[in-house]
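Student: Structure supplied as query17.csv; contents: CSV, C-alpha atoms.
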chain,number,residue,atom,x,y,z
A,1,MET,CA,154.7,11.5,7.5
A,2,HIS,CA,158.3,12.5,8.5
A,3,ARG,CA,159.3,10.8,11.8
A,4,LYS,CA,160.1,13.4,14.4
A,5,LYS,CA,162.3,13.2,17.5
A,6,ILE,CA,160.4,14.4,20.5
A,7,LEU,CA,161.5,15.0,24.1
A,8,ILE,CA,159.0,15.5,26.9
A,9,VAL,CA,160.3,16.8,30.3
A,10,SER,CA,157.8,16.7,33.1
A,11,ASN,CA,157.7,16.4,36.9
A,12,GLY,CA,154.3,14.6,36.7
A,13,PHE,CA,154.1,11.3,34.7
A,14,TYR,CA,152.5,7.9,34.8
A,15,PRO,CA,151.4,6.5,37.3
A,16,GLU,CA,150.9,9.8,39.1
A,17,ILE,CA,147.3,10.9,39.2
A,18,SER,CA,147.3,14.6,38.3
A,19,PRO,CA,146.3,16.8,35.3
A,20,ARG,CA,149.9,17.5,34.4
A,21,SER,CA,150.8,13.8,34.6
A,22,PHE,CA,147.9,13.0,32.2
A,23,ARG,CA,149.1,15.8,29.9
A,24,ALA,CA,152.6,14.4,29.6
A,25,THR,CA,151.6,10.7,29.5
A,26,GLU,CA,148.9,11.1,26.9
A,27,LEU,CA,151.2,13.1,24.6
A,28,ALA,CA,154.0,10.6,24.9
A,29,LYS,CA,151.7,7.7,24.1
A,30,GLU,CA,150.1,9.4,21.1
A,31,PHE,CA,153.4,10.7,19.6
A,32,ALA,CA,154.7,7.1,19.8
A,33,ARG,CA,151.5,5.7,18.4
A,34,GLN,CA,152.0,7.9,15.4
A,35,GLY,CA,155.4,6.5,14.8
A,36,HIS,CA,157.6,9.3,16.2
A,37,GLN,CA,160.7,8.7,18.3
A,38,VAL,CA,159.8,9.8,21.8
A,39,LYS,CA,161.8,10.2,24.9
A,40,VAL,CA,160.4,11.2,28.4
A,41,ILE,CA,162.5,12.6,31.2
A,42,SER,CA,160.7,12.4,34.6
A,43,HIS,CA,161.0,10.6,37.9
A,44,GLU,CA,161.2,6.8,38.5
A,45,ARG,CA,157.8,5.7,39.8
A,46,GLY,CA,156.2,2.3,40.0
A,47,ASP,CA,156.3,0.4,36.7
A,48,VAL,CA,157.0,3.5,34.6
A,49,ARG,CA,159.8,1.9,32.6
A,50,GLU,CA,157.7,-1.1,31.6
A,51,PHE,CA,154.8,1.2,30.8
A,52,SER,CA,157.0,3.4,28.6
A,53,ALA,CA,158.5,0.4,26.7
A,54,GLY,CA,155.1,-1.1,26.3
A,55,ASN,CA,153.9,2.1,24.7
A,56,GLY,CA,156.8,2.5,22.4
A,57,PHE,CA,158.9,5.3,23.9
A,58,SER,CA,162.0,5.6,26.0
A,59,PHE,CA,162.3,6.8,29.6
A,60,GLN,CA,165.0,8.6,31.5
A,61,ASP,CA,165.0,9.2,35.3
A,62,MET,CA,165.9,12.8,36.2
A,63,GLY,CA,166.5,11.7,39.8
A,64,PRO,CA,164.4,11.9,42.9
A,65,MET,CA,163.2,15.0,44.7
A,66,SER,CA,165.6,14.5,47.6
A,67,TRP,CA,165.5,17.9,49.3
A,68,PRO,CA,163.6,17.5,52.6
A,69,LYS,CA,160.1,18.9,52.5
A,70,PRO,CA,159.2,21.1,55.5
A,71,ALA,CA,156.4,19.5,57.6
A,72,VAL,CA,153.9,21.0,59.9
A,73,SER,CA,154.3,19.6,63.4
A,74,GLY,CA,153.6,20.2,67.1
A,75,THR,CA,150.6,21.7,68.7
A,76,GLY,CA,149.3,25.2,69.6
A,77,LEU,CA,151.7,28.1,68.9
A,78,LYS,CA,154.4,25.7,67.8
A,79,ARG,CA,152.2,24.2,65.1
A,80,LEU,CA,151.1,27.7,64.0
A,81,PHE,CA,154.8,28.7,63.7
A,82,SER,CA,155.7,25.6,61.8
A,83,ARG,CA,152.8,26.2,59.4
A,84,VAL,CA,154.1,29.7,58.7
A,85,ILE,CA,157.6,28.4,58.1
A,86,VAL,CA,156.4,25.8,55.7
A,87,ARG,CA,154.3,28.3,53.8
A,88,LEU,CA,157.0,30.9,53.6
A,89,THR,CA,159.6,28.5,52.3
A,90,THR,CA,157.3,27.5,49.5
A,91,LEU,CA,156.1,31.0,48.7
A,92,LEU,CA,159.5,32.9,49.0
A,93,PHE,CA,161.8,30.3,47.6
A,94,GLU,CA,159.6,27.8,45.6
A,95,TYR,CA,161.1,25.2,48.0
A,96,PRO,CA,161.4,22.2,47.6
A,97,ASN,CA,160.3,22.3,43.9
A,98,ILE,CA,163.2,24.6,43.1
A,99,GLN,CA,165.3,21.4,43.1
A,100,LEU,CA,163.7,20.6,39.7
A,101,LEU,CA,165.7,23.5,38.3
A,102,PHE,CA,168.9,21.6,38.9
A,103,LEU,CA,167.6,18.1,38.1
A,104,VAL,CA,166.3,19.2,34.7
A,105,ASN,CA,169.5,21.1,33.9
A,106,ARG,CA,171.6,18.1,34.6
A,107,ALA,CA,169.2,15.7,32.8
A,108,LEU,CA,169.5,17.7,29.5
A,109,ALA,CA,173.3,17.6,29.5
A,110,LYS,CA,173.5,14.7,27.0
A,111,GLU,CA,170.3,15.5,25.0
A,112,SER,CA,170.4,17.0,21.5
A,113,GLY,CA,169.0,16.7,18.0
A,114,PHE,CA,165.3,16.7,18.8
A,115,ASP,CA,162.8,18.4,16.6
A,116,LEU,CA,160.5,19.2,19.5
A,117,LEU,CA,161.0,19.7,23.2
A,118,ILE,CA,157.9,20.0,25.4
A,119,SER,CA,158.4,20.9,29.0
A,120,VAL,CA,155.3,20.5,31.2
A,121,ALA,CA,154.5,22.6,34.3
A,122,VAL,CA,153.5,22.8,37.1
A,123,PRO,CA,155.8,23.0,38.9
A,124,TYR,CA,157.3,25.9,37.0
A,125,PRO,CA,161.0,25.1,37.9
A,126,ILE,CA,160.6,22.5,35.1
A,127,HIS,CA,160.5,25.4,32.6
A,128,TRP,CA,163.3,27.2,34.5
A,129,GLY,CA,165.6,24.2,34.2
A,130,VAL,CA,165.1,24.0,30.5
A,131,ALA,CA,165.7,27.8,30.1
A,132,TRP,CA,168.8,27.6,32.2
A,133,PHE,CA,170.3,24.8,30.0
A,134,ARG,CA,169.1,25.8,26.6
A,135,SER,CA,171.4,28.0,24.5
A,136,SER,CA,172.3,28.7,20.9
A,137,LYS,CA,175.2,26.2,21.3
A,138,HIS,CA,173.0,23.6,23.0
A,139,PRO,CA,169.4,24.1,21.9
A,140,VAL,CA,168.4,20.5,22.6
A,141,ALA,CA,165.6,20.8,20.0
A,142,THR,CA,164.6,23.0,17.1
A,143,THR,CA,161.4,24.0,18.9
A,144,TRP,CA,160.8,24.4,22.6
A,145,VAL,CA,157.2,24.6,23.8
A,146,ALA,CA,156.7,25.4,27.5
A,147,ASP,CA,153.3,23.8,28.3
A,148,CYS,CA,151.6,25.6,31.1
A,149,GLY,CA,148.5,24.2,32.9
A,150,ASP,CA,148.0,27.1,35.3
A,151,PRO,CA,149.6,30.5,35.3
A,152,TYR,CA,152.4,31.3,37.8
A,153,MET,CA,152.5,35.0,38.4
A,154,GLY,CA,149.0,35.4,37.1
A,155,GLN,CA,147.3,32.6,39.0
A,156,GLU,CA,143.9,33.4,40.6
A,157,ASN,CA,143.1,30.5,42.9
A,158,ASP,CA,146.0,30.3,45.4
A,159,THR,CA,145.7,32.1,48.7
A,160,PHE,CA,148.9,34.2,48.1
A,161,LYS,CA,150.5,35.7,45.1
A,162,ALA,CA,154.0,34.8,44.2
A,163,PRO,CA,156.6,37.4,45.3
A,164,PHE,CA,157.4,40.1,42.7
A,165,TYR,CA,160.9,38.8,42.0
A,166,PHE,CA,159.6,35.6,40.5
A,167,GLY,CA,158.1,37.9,37.8
A,168,TRP,CA,161.7,38.4,36.5
A,169,VAL,CA,162.2,34.6,36.4
A,170,GLU,CA,158.9,34.2,34.5
A,171,LYS,CA,159.9,36.8,31.9
A,172,TRP,CA,163.3,35.2,31.6
A,173,PHE,CA,162.0,31.8,30.7
A,174,CYS,CA,159.2,33.2,28.5
A,175,ARG,CA,161.8,35.1,26.4
A,176,LYS,CA,163.8,31.9,25.9
A,177,ALA,CA,160.9,29.6,25.0
A,178,ASP,CA,159.8,29.5,21.4
A,179,TYR,CA,156.1,29.0,22.4
A,180,LEU,CA,154.0,28.9,25.5
A,181,SER,CA,151.0,26.5,25.3
A,182,VAL,CA,147.9,27.0,27.4
A,183,PRO,CA,144.7,24.9,27.6
A,184,THR,CA,142.1,27.6,27.0
A,185,LYS,CA,141.8,31.1,25.6
A,186,GLY,CA,140.9,32.3,29.0
A,187,SER,CA,144.3,31.2,30.2
A,188,ILE,CA,146.1,33.8,28.1
A,189,GLY,CA,145.3,36.7,30.5
A,190,GLY,CA,147.4,35.0,33.2
A,191,TYR,CA,150.6,35.8,31.3
A,192,TYR,CA,152.6,39.0,30.6
A,193,PRO,CA,151.2,40.8,27.6
A,194,GLU,CA,154.6,41.0,25.9
A,195,PHE,CA,154.5,37.3,25.5
A,196,HIS,CA,151.0,36.8,24.2
A,197,TYR,CA,152.3,36.5,20.6
A,198,LYS,CA,154.1,33.3,21.7
A,199,ILE,CA,151.0,31.7,23.2
A,200,LYS,CA,149.2,28.8,21.5
A,201,VAL,CA,145.9,27.4,22.8
A,202,ILE,CA,146.3,23.6,22.9
A,203,PRO,CA,143.7,21.8,25.0
A,204,GLN,CA,144.2,18.9,27.2
A,205,GLY,CA,143.8,15.7,25.2
A,206,PHE,CA,142.9,12.1,25.7
A,207,ARG,CA,142.2,9.0,23.6
A,208,PHE,CA,138.5,8.6,23.8
A,209,GLU,CA,138.7,4.9,22.9
A,210,ASP,CA,140.7,4.1,26.1
A,211,TYR,CA,137.6,4.5,28.3
A,212,GLN,CA,135.1,1.7,28.8
A,213,MET,CA,131.8,3.2,29.8
A,214,ALA,CA,129.2,1.2,31.8
A,215,ASP,CA,125.7,0.6,30.6
A,216,PHE,CA,123.8,3.4,32.4
A,217,LYS,CA,120.6,2.3,34.1
A,218,PRO,CA,118.8,4.9,36.3
A,219,SER,CA,117.9,3.8,39.7
A,220,GLU,CA,115.3,5.1,42.2
A,221,LYS,CA,118.0,7.3,43.7
A,222,VAL,CA,119.6,10.1,41.7
A,223,ILE,CA,123.4,9.3,41.8
A,224,PHE,CA,126.0,11.9,41.0
A,225,GLY,CA,129.7,12.5,41.6
A,226,TYR,CA,132.7,14.8,41.6
A,227,GLY,CA,136.4,14.0,41.3
A,228,GLY,CA,139.1,16.5,42.2
A,229,MET,CA,140.6,18.7,44.9
A,230,PHE,CA,139.0,21.5,46.8
A,231,ILE,CA,140.2,25.0,47.6
A,232,PRO,CA,138.5,26.8,50.5
A,233,GLY,CA,136.6,29.9,49.4
A,234,LYS,CA,137.5,29.3,45.8
A,235,ARG,CA,136.6,25.8,44.7
A,236,ASP,CA,134.6,25.2,47.8
A,237,PRO,CA,132.0,22.4,48.3
A,238,LYS,CA,130.5,23.8,51.6
A,239,GLU,CA,127.5,25.6,50.1
A,240,LEU,CA,126.4,22.7,47.9
A,241,ILE,CA,126.9,20.1,50.7
A,242,GLU,CA,125.0,22.2,53.3
A,243,PHE,CA,122.1,22.7,50.9
A,244,LEU,CA,122.0,19.0,50.0
A,245,LEU,CA,121.8,18.1,53.7
A,246,THR,CA,118.7,20.3,54.0
A,247,VAL,CA,116.9,18.3,51.3
A,248,GLU,CA,118.3,14.9,52.2
A,249,GLU,CA,115.0,13.7,53.7
A,250,GLU,CA,112.9,14.9,50.7
A,251,HIS,CA,115.0,13.5,47.9
A,252,GLN,CA,116.6,10.2,47.3
A,253,PHE,CA,120.2,10.7,46.1
A,254,GLU,CA,123.8,9.6,46.5
A,255,PHE,CA,126.7,12.1,46.0
A,256,HIS,CA,130.0,10.4,45.6
A,257,ILE,CA,133.1,12.6,46.1
A,258,TYR,CA,136.6,11.3,45.0
A,259,THR,CA,139.2,13.8,46.4
A,260,SER,CA,142.7,14.2,47.8
A,261,THR,CA,141.4,17.0,50.1
A,262,PRO,CA,138.7,15.3,52.2
A,263,GLN,CA,139.3,17.7,55.0
A,264,TRP,CA,137.1,20.3,53.2
A,265,VAL,CA,134.2,17.9,53.1
A,266,LEU,CA,134.2,15.6,56.1
A,267,PRO,CA,133.4,18.2,58.8
A,268,TYR,CA,130.0,18.9,57.0
A,269,ILE,CA,128.7,15.4,56.4
A,270,ALA,CA,128.8,13.7,59.8
A,271,GLY,CA,125.7,11.6,60.0
A,272,SER,CA,124.8,11.9,56.3
A,273,LYS,CA,123.5,8.8,54.6
A,274,SER,CA,123.6,10.3,51.1
A,275,ILE,CA,127.1,11.9,50.8
A,276,PHE,CA,130.1,9.6,50.5
A,277,VAL,CA,133.8,10.6,50.3
A,278,HIS,CA,136.3,8.3,48.6
A,279,SER,CA,140.1,8.4,48.1
A,280,ILE,CA,141.2,9.3,44.6
A,281,VAL,CA,141.4,6.5,42.0
A,282,GLY,CA,142.9,6.0,38.6
A,283,ARG,CA,141.4,8.1,35.8
A,284,THR,CA,140.0,5.2,33.8
A,285,GLU,CA,138.4,3.7,36.9
A,286,LEU,CA,136.9,7.1,37.9
A,287,MET,CA,135.5,7.6,34.4
A,288,HIS,CA,133.9,4.1,34.6
A,289,GLU,CA,132.3,5.0,37.9
A,290,PHE,CA,131.0,8.3,36.6
A,291,SER,CA,129.5,6.6,33.6
A,292,LYS,CA,127.1,4.8,36.0
A,293,MET,CA,125.8,8.1,37.4
A,294,ASP,CA,123.0,10.4,36.4
A,295,PHE,CA,125.2,13.5,36.3
A,296,VAL,CA,128.5,15.0,37.5
A,297,VAL,CA,129.4,18.2,39.4
A,298,ASN,CA,131.9,20.9,38.4
A,299,PHE,CA,133.2,23.4,41.0
A,300,THR,CA,134.5,26.3,39.0
A,301,ASN,CA,137.8,28.1,39.6
A,302,ILE,CA,137.9,31.8,40.4
A,303,GLY,CA,138.5,34.0,37.3
A,304,THR,CA,139.1,32.8,33.8
A,305,SER,CA,142.8,31.9,33.6
A,306,GLN,CA,142.5,28.5,35.3
A,307,THR,CA,139.9,26.1,33.9
A,308,PRO,CA,139.3,22.7,35.6
A,309,SER,CA,140.6,19.9,33.3
A,310,LYS,CA,137.9,17.6,34.6
A,311,LEU,CA,135.5,19.4,32.3
A,312,ILE,CA,137.2,17.5,29.5
A,313,ASP,CA,136.5,14.2,31.3
A,314,TYR,CA,132.9,15.3,31.6
A,315,ALA,CA,132.7,16.1,27.9
A,316,ILE,CA,134.0,12.7,27.0
A,317,LEU,CA,131.4,11.1,29.4
A,318,GLY,CA,128.6,13.1,27.8
A,319,LYS,CA,126.9,13.4,31.2
A,320,PRO,CA,124.9,16.4,32.3
A,321,ILE,CA,127.0,18.8,34.4
A,322,LEU,CA,125.9,20.7,37.4
A,323,ASN,CA,128.1,23.8,37.5
A,324,VAL,CA,128.7,25.3,41.0
A,325,VAL,CA,130.2,28.7,41.4
A,326,THR,CA,131.5,29.3,45.0
A,327,GLY,CA,129.4,32.0,46.7
A,328,GLN,CA,126.7,31.8,44.0
A,329,LEU,CA,124.9,28.5,44.5
A,330,ARG,CA,121.7,28.3,42.6
A,331,PRO,CA,119.4,26.0,44.8
A,332,ALA,CA,116.8,25.9,42.0
A,333,ASP,CA,119.3,24.3,39.6
A,334,VAL,CA,120.3,21.7,42.3
A,335,LEU,CA,116.7,20.8,42.9
A,336,SER,CA,116.1,20.4,39.1
A,337,PHE,CA,119.0,18.1,38.8
A,338,LEU,CA,117.8,16.0,41.8
A,339,ASP,CA,114.5,15.7,39.8
A,340,ARG,CA,116.5,14.6,36.7
A,341,ASP,CA,115.7,17.9,34.9
A,342,PHE,CA,119.0,18.7,33.3
A,343,SER,CA,117.9,21.6,31.1
A,344,ASN,CA,120.4,23.9,32.9
A,345,SER,CA,123.3,21.6,32.4
A,346,TYR,CA,126.7,23.3,31.7
A,347,ALA,CA,127.7,22.8,28.1
A,348,VAL,CA,131.2,21.8,27.0
A,349,THR,CA,131.4,22.6,23.3
A,350,ASP,CA,133.4,20.9,20.5
A,351,ARG,CA,134.4,17.8,22.3
A,352,GLU,CA,136.5,16.7,19.3
A,353,GLN,CA,139.1,19.3,20.2
A,354,TYR,CA,140.0,17.1,23.1
A,355,ARG,CA,140.9,14.1,21.1
A,356,ILE,CA,144.6,13.4,21.7
A,357,GLU,CA,145.2,12.9,17.9
A,358,ASN,CA,144.1,16.5,17.3
A,359,VAL,CA,146.0,17.8,20.3
A,360,ALA,CA,149.3,16.1,19.3
A,361,GLN,CA,149.0,17.6,15.8
A,362,LEU,CA,148.8,21.1,17.2
A,363,PHE,CA,152.1,20.6,18.9
A,364,LEU,CA,153.7,19.1,15.7
A,365,ASN,CA,152.5,22.1,13.7
A,366,LEU,CA,154.8,24.3,15.8
A,367,ILE,CA,157.9,22.6,14.4
A,368,ASP,CA,157.0,23.8,10.9
A,369,GLU,CA,155.9,27.1,12.2
A,370,THR,CA,159.3,27.6,13.9
A,371,ARG,CA,161.2,26.8,10.7
A,372,GLU,CA,159.0,29.2,8.7
A,373,ARG,CA,159.7,32.2,11.0
Can I see the file as structure tokens?

Tutor:
Amino acid sequence: MHRKKILIVSNGFYPEISPRSFRATELAKEFARQGHQVKVISHERGDVREFSAGNGFSFQDMGPMSWPKPAVSGTGLKRLFSRVIVRLTTLLFEYPNIQLLFLVNRALAKESGFDLLISVAVPYPIHWGVAWFRSSKHPVATTWVADCGDPYMGQENDTFKAPFYFGWVEKWFCRKADYLSVPTKGSIGGYYPEFHYKIKVIPQGFRFEDYQMADFKPSEKVIFGYGGMFIPGKRDPKELIEFLLTVEEEHQFEFHIYTSTPQWVLPYIAGSKSIFVHSIVGRTELMHEFSKMDFVVNFTNIGTSQTPSKLIDYAILGKPILNVVTGQLRPADVLSFLDRDFSNSYAVTDREQYRIENVAQLFLNLIDETRER
């Protein structure tokens, strides 16, 4: 196998807990494990340099996100006004994430000679920074893959759509990228049709052997869990929780929720002895906790362009999955799961596609595909 030079540029990276951080981190580890020369450009966080060296790749700090982030403050009308200002600065100007455009551009100034450059979004200014810097004189790498977790202009799960003028920015960076990678076939519809020929479906990937599963022993109580954020009206736990509270006296269960958005759960569970809310924990720890449970819960996104990456975790676990669609709760399915009847479990097919070895190879294949064009 010919040793490749690979550059990964990402806002999210170890030890951050997020799908995009997992994407960049797992790829860097696997490429290095395969013997490739790997460099990561991201932010200095925790023990990231020791982690990188220990896993056989180099790390470069692109610099901190130093632009002040608008904060909601005050009470009454003053608080409402500050919320509007915060939302508008993000929506109209992609502030403060727009700083990444400049950080990435500056970080690439001394980089060249790579076989493969993978930029990881969100946030999308990561891609914009690469597009701004990269030219025929300074291509940085033979092949540039813009890896997209969720669509930007075509997203379906945010409250507001991005302003029309960002469509020009999206088309600009899509023209410059050699390939766009998305995690599922359903994601393709979130991008402009003229760029569909550049899109490659490359799932999220993990090394299955990294996870130590507990020996599962069913208890009298049915124990189940969910890990992730909530979006009111879209990835919304309200219906499920309200139903669970109505059957709390009749069924013995524990529902453990690990989330960064507890505000969308706590108002509904006051006094409950069966529903527990926890802070987010590291992915390996969360997987270990889930392995002790009877089943796991998936709250679906709206539409088809954004698929929860936690379904991959659930596929690795091999646990039954209770799939909850906001606005379409099926109480009979919930009751069946509480009786340990998992016949209506959501099926995640072809779990082997999520092995990081297979995922990394899909990226490497694009180097040869570029040269053959």

Student: Considering all atoms listed in the file, can you say which of A:Glu254, A:Glu285, A:Asp210, A:Glu26 comes closest to Leu338 (chain A)?

Tutor: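 Nearest candidate to Leu338 (chain A) out of A:Glu254, A:Glu285, A:Asp210, A:Glu26: A:Glu254.
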
Student: Considering only C-alpha atoms, can you say which of A:Gln353, A:Gln328, A:Ser66, A:Ser336 comes closest to Val201 (chain A)?

Tutor: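 Among the listed residues, A:Gln353 lies closest to Val201 (chain A).
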
Student: Enter the distance from CA of Asn55 (chain A) to CA of Tyr14 (chain A), in Å, rounded to one decimal.

Tutor: 11.7 Å

Student: Go through A:Phe337, A:Trp172, A:Tyr191, A:Tyr268 one by one, measure the shortest atom-to-atom distance of each to Lys221 (chain A) using all atoms listed in the file, and give the residue with the smallest value.

Tutor: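 For Lys221 (chain A), the nearest of the given residues is A:Phe337.
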
Student: Using all atoms listed in the file for the distances, tell me which of A:Pro262, A:Pro15, A:Pro64, A:Gly271 is nearest to Ile231 (chain A).

Tutor: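 Among the listed residues, the smallest separation from Ile231 (chain A) belongs to A:Pro262.
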
Student: Which distance in Å separates CA of Asn11 (chain A) and CA of Glu352 (chain A), to one decimal?

Tutor: 27.6 Å

Student: Have a look at CA of Gly233 (chain A) and CA of Val122 (chain A) and let me know their distance in Å, one decimal.

Tutor: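 Value for the CA of Gly233 (chain A)-CA of Val122 (chain A) distance: 22.1 Å.
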
Student: Tell me which of A:Leu317, A:Ile188, A:Ile17, A:Leu240 sits closest to Val281 (chain A), counting all atoms listed in the file.

Tutor: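 Looking at the shortest contact to Val281 (chain A), the residue is A:Ile17.
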
Student: Have a look at A:Phe31, A:Phe295, A:Phe173, A:Tyr179 and name the one nearest to Arg340 (chain A); count all atoms listed in the file.

Tutor: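 Closest candidate: A:Phe295.
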
Student: Which polymer residues have any atom within 10 Å of an atom of region 204-208 of chain A, counting all atoms listed in the file, with same-chain residues fewer than 2 positions away left out, as a PyMOL selection string?

Tutor: chain A and resi 19-20+22-27+29-30+149+182-184+201-202+210-212+309-310+312-313+316-317+352-360

Student: Give me, as a PyMOL selection string, all polymer residues having an atom no more than 9 Å from Cys174 (chain A), counting all atoms listed in the file and skipping those fewer than 3 positions away in the same chain.

Tutor: chain A and resi 127+131+146+169-171+177-180+195+198

Student: Find the spatial neighbours of Leu117 (chain A), counting all atoms listed in the file, within a cut-off of 6 Å - ignore same-chain residues fewer than 2 positions away - and output them as a PyMOL selection string.

Tutor: chain A and resi 6-8+141+144

Student: Residues at most 10 Å from Phe255 (chain A), counting all atoms listed in the file, excluding those fewer than 5 positions away in the same chain, as a PyMOL selection string?

Tutor: chain A and resi 222-226+241+244+273-277+293+295-297

Student: Just C-alpha atoms for this one: save the residues we selected as a PDB file, keeping the file's coordinate frame.

Tutor:
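Produced file part_28.pdb, reproduced below:
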ATOM      1  CA  VAL A 222     119.600  10.100  41.700  1.00  0.00           C
ATOM      2  CA  ILE A 223     123.400   9.300  41.800  1.00  0.00           C
ATOM      3  CA  PHE A 224     126.000  11.900  41.000  1.00  0.00           C
ATOM      4  CA  GLY A 225     129.700  12.500  41.600  1.00  0.00           C
ATOM      5  CA  TYR A 226     132.700  14.800  41.600  1.00  0.00           C
ATOM      6  CA  ILE A 241     126.900  20.100  50.700  1.00  0.00           C
ATOM      7  CA  LEU A 244     122.000  19.000  50.000  1.00  0.00           C
ATOM      8  CA  LYS A 273     123.500   8.800  54.600  1.00  0.00           C
ATOM      9  CA  SER A 274     123.600  10.300  51.100  1.00  0.00           C
ATOM     10  CA  ILE A 275     127.100  11.900  50.800  1.00  0.00           C
ATOM     11  CA  PHE A 276     130.100   9.600  50.500  1.00  0.00           C
ATOM     12  CA  VAL A 277     133.800  10.600  50.300  1.00  0.00           C
ATOM     13  CA  MET A 293     125.800   8.100  37.400  1.00  0.00           C
ATOM     14  CA  PHE A 295     125.200  13.500  36.300  1.00  0.00           C
ATOM     15  CA  VAL A 296     128.500  15.000  37.500  1.00  0.00           C
ATOM     16  CA  VAL A 297     129.400  18.200  39.400  1.00  0.00           C
TER      17      VAL A 297
END

Student: Kindly reconstruct region 363-368 of chain A with all heavy atoms and present the result as an mmCIF file, keeping the file's coordinate frame.

Tutor:
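rebuild.cif was written with the following content:
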data_model
loop_
_atom_site.group_PDB
_atom_site.id
_atom_site.type_symbol
_atom_site.label_atom_id
_atom_site.label_comp_id
_atom_site.auth_asym_id
_atom_site.auth_seq_id
_atom_site.Cartn_x
_atom_site.Cartn_y
_atom_site.Cartn_z
ATOM 1 N N PHE A 363 150.748 20.443 18.456
ATOM 2 C CA PHE A 363 152.100 20.600 18.900
ATOM 3 C C PHE A 363 153.082 20.354 17.693
ATOM 4 O O PHE A 363 154.059 21.095 17.518
ATOM 5 C CB PHE A 363 152.466 19.544 19.981
ATOM 6 C CG PHE A 363 152.067 19.970 21.359
ATOM 7 C CD1 PHE A 363 150.919 19.475 21.954
ATOM 8 C CD2 PHE A 363 152.831 20.884 22.072
ATOM 9 C CE1 PHE A 363 150.546 19.863 23.233
ATOM 10 C CE2 PHE A 363 152.473 21.285 23.346
ATOM 11 C CZ PHE A 363 151.324 20.775 23.936
ATOM 12 N N LEU A 364 152.799 19.345 16.873
ATOM 13 C CA LEU A 364 153.700 19.100 15.700
ATOM 14 C C LEU A 364 153.680 20.227 14.745
ATOM 15 O O LEU A 364 154.717 20.512 14.119
ATOM 16 C CB LEU A 364 153.205 17.786 15.026
ATOM 17 C CG LEU A 364 153.366 16.482 15.819
ATOM 18 C CD1 LEU A 364 152.672 15.332 15.092
ATOM 19 C CD2 LEU A 364 154.838 16.167 16.051
ATOM 20 N N ASN A 365 152.564 20.916 14.608
ATOM 21 C CA ASN A 365 152.500 22.100 13.700
ATOM 22 C C ASN A 365 153.506 23.150 14.063
ATOM 23 O O ASN A 365 153.967 23.903 13.199
ATOM 24 C CB ASN A 365 151.095 22.665 13.688
ATOM 25 C CG ASN A 365 150.071 21.757 13.034
ATOM 26 O OD1 ASN A 365 150.423 20.811 12.335
ATOM 27 N ND2 ASN A 365 148.804 22.036 13.263
ATOM 28 N N LEU A 366 153.852 23.231 15.346
ATOM 29 C CA LEU A 366 154.800 24.300 15.800
ATOM 30 C C LEU A 366 156.189 24.065 15.320
ATOM 31 O O LEU A 366 156.972 25.012 15.249
ATOM 32 C CB LEU A 366 154.710 24.391 17.327
ATOM 33 C CG LEU A 366 153.338 24.782 17.911
ATOM 34 C CD1 LEU A 366 153.417 24.868 19.427
ATOM 35 C CD2 LEU A 366 152.862 26.107 17.322
ATOM 36 N N ILE A 367 156.537 22.824 14.987
ATOM 37 C CA ILE A 367 157.900 22.600 14.400
ATOM 38 C C ILE A 367 158.005 23.275 13.088
ATOM 39 O O ILE A 367 158.988 23.997 12.845
ATOM 40 C CB ILE A 367 158.107 21.057 14.253
ATOM 41 C CG1 ILE A 367 157.988 20.328 15.604
ATOM 42 C CG2 ILE A 367 159.478 20.797 13.632
ATOM 43 C CD1 ILE A 367 158.033 18.809 15.468
ATOM 44 N N ASP A 368 157.019 23.102 12.222
ATOM 45 C CA ASP A 368 157.000 23.800 10.900
ATOM 46 C C ASP A 368 156.913 25.270 11.048
ATOM 47 O O ASP A 368 157.567 26.016 10.315
ATOM 48 C CB ASP A 368 155.919 23.220 10.035
ATOM 49 C CG ASP A 368 156.096 21.756 9.682
ATOM 50 O OD1 ASP A 368 157.258 21.308 9.615
ATOM 51 O OD2 ASP A 368 155.067 21.060 9.510
#
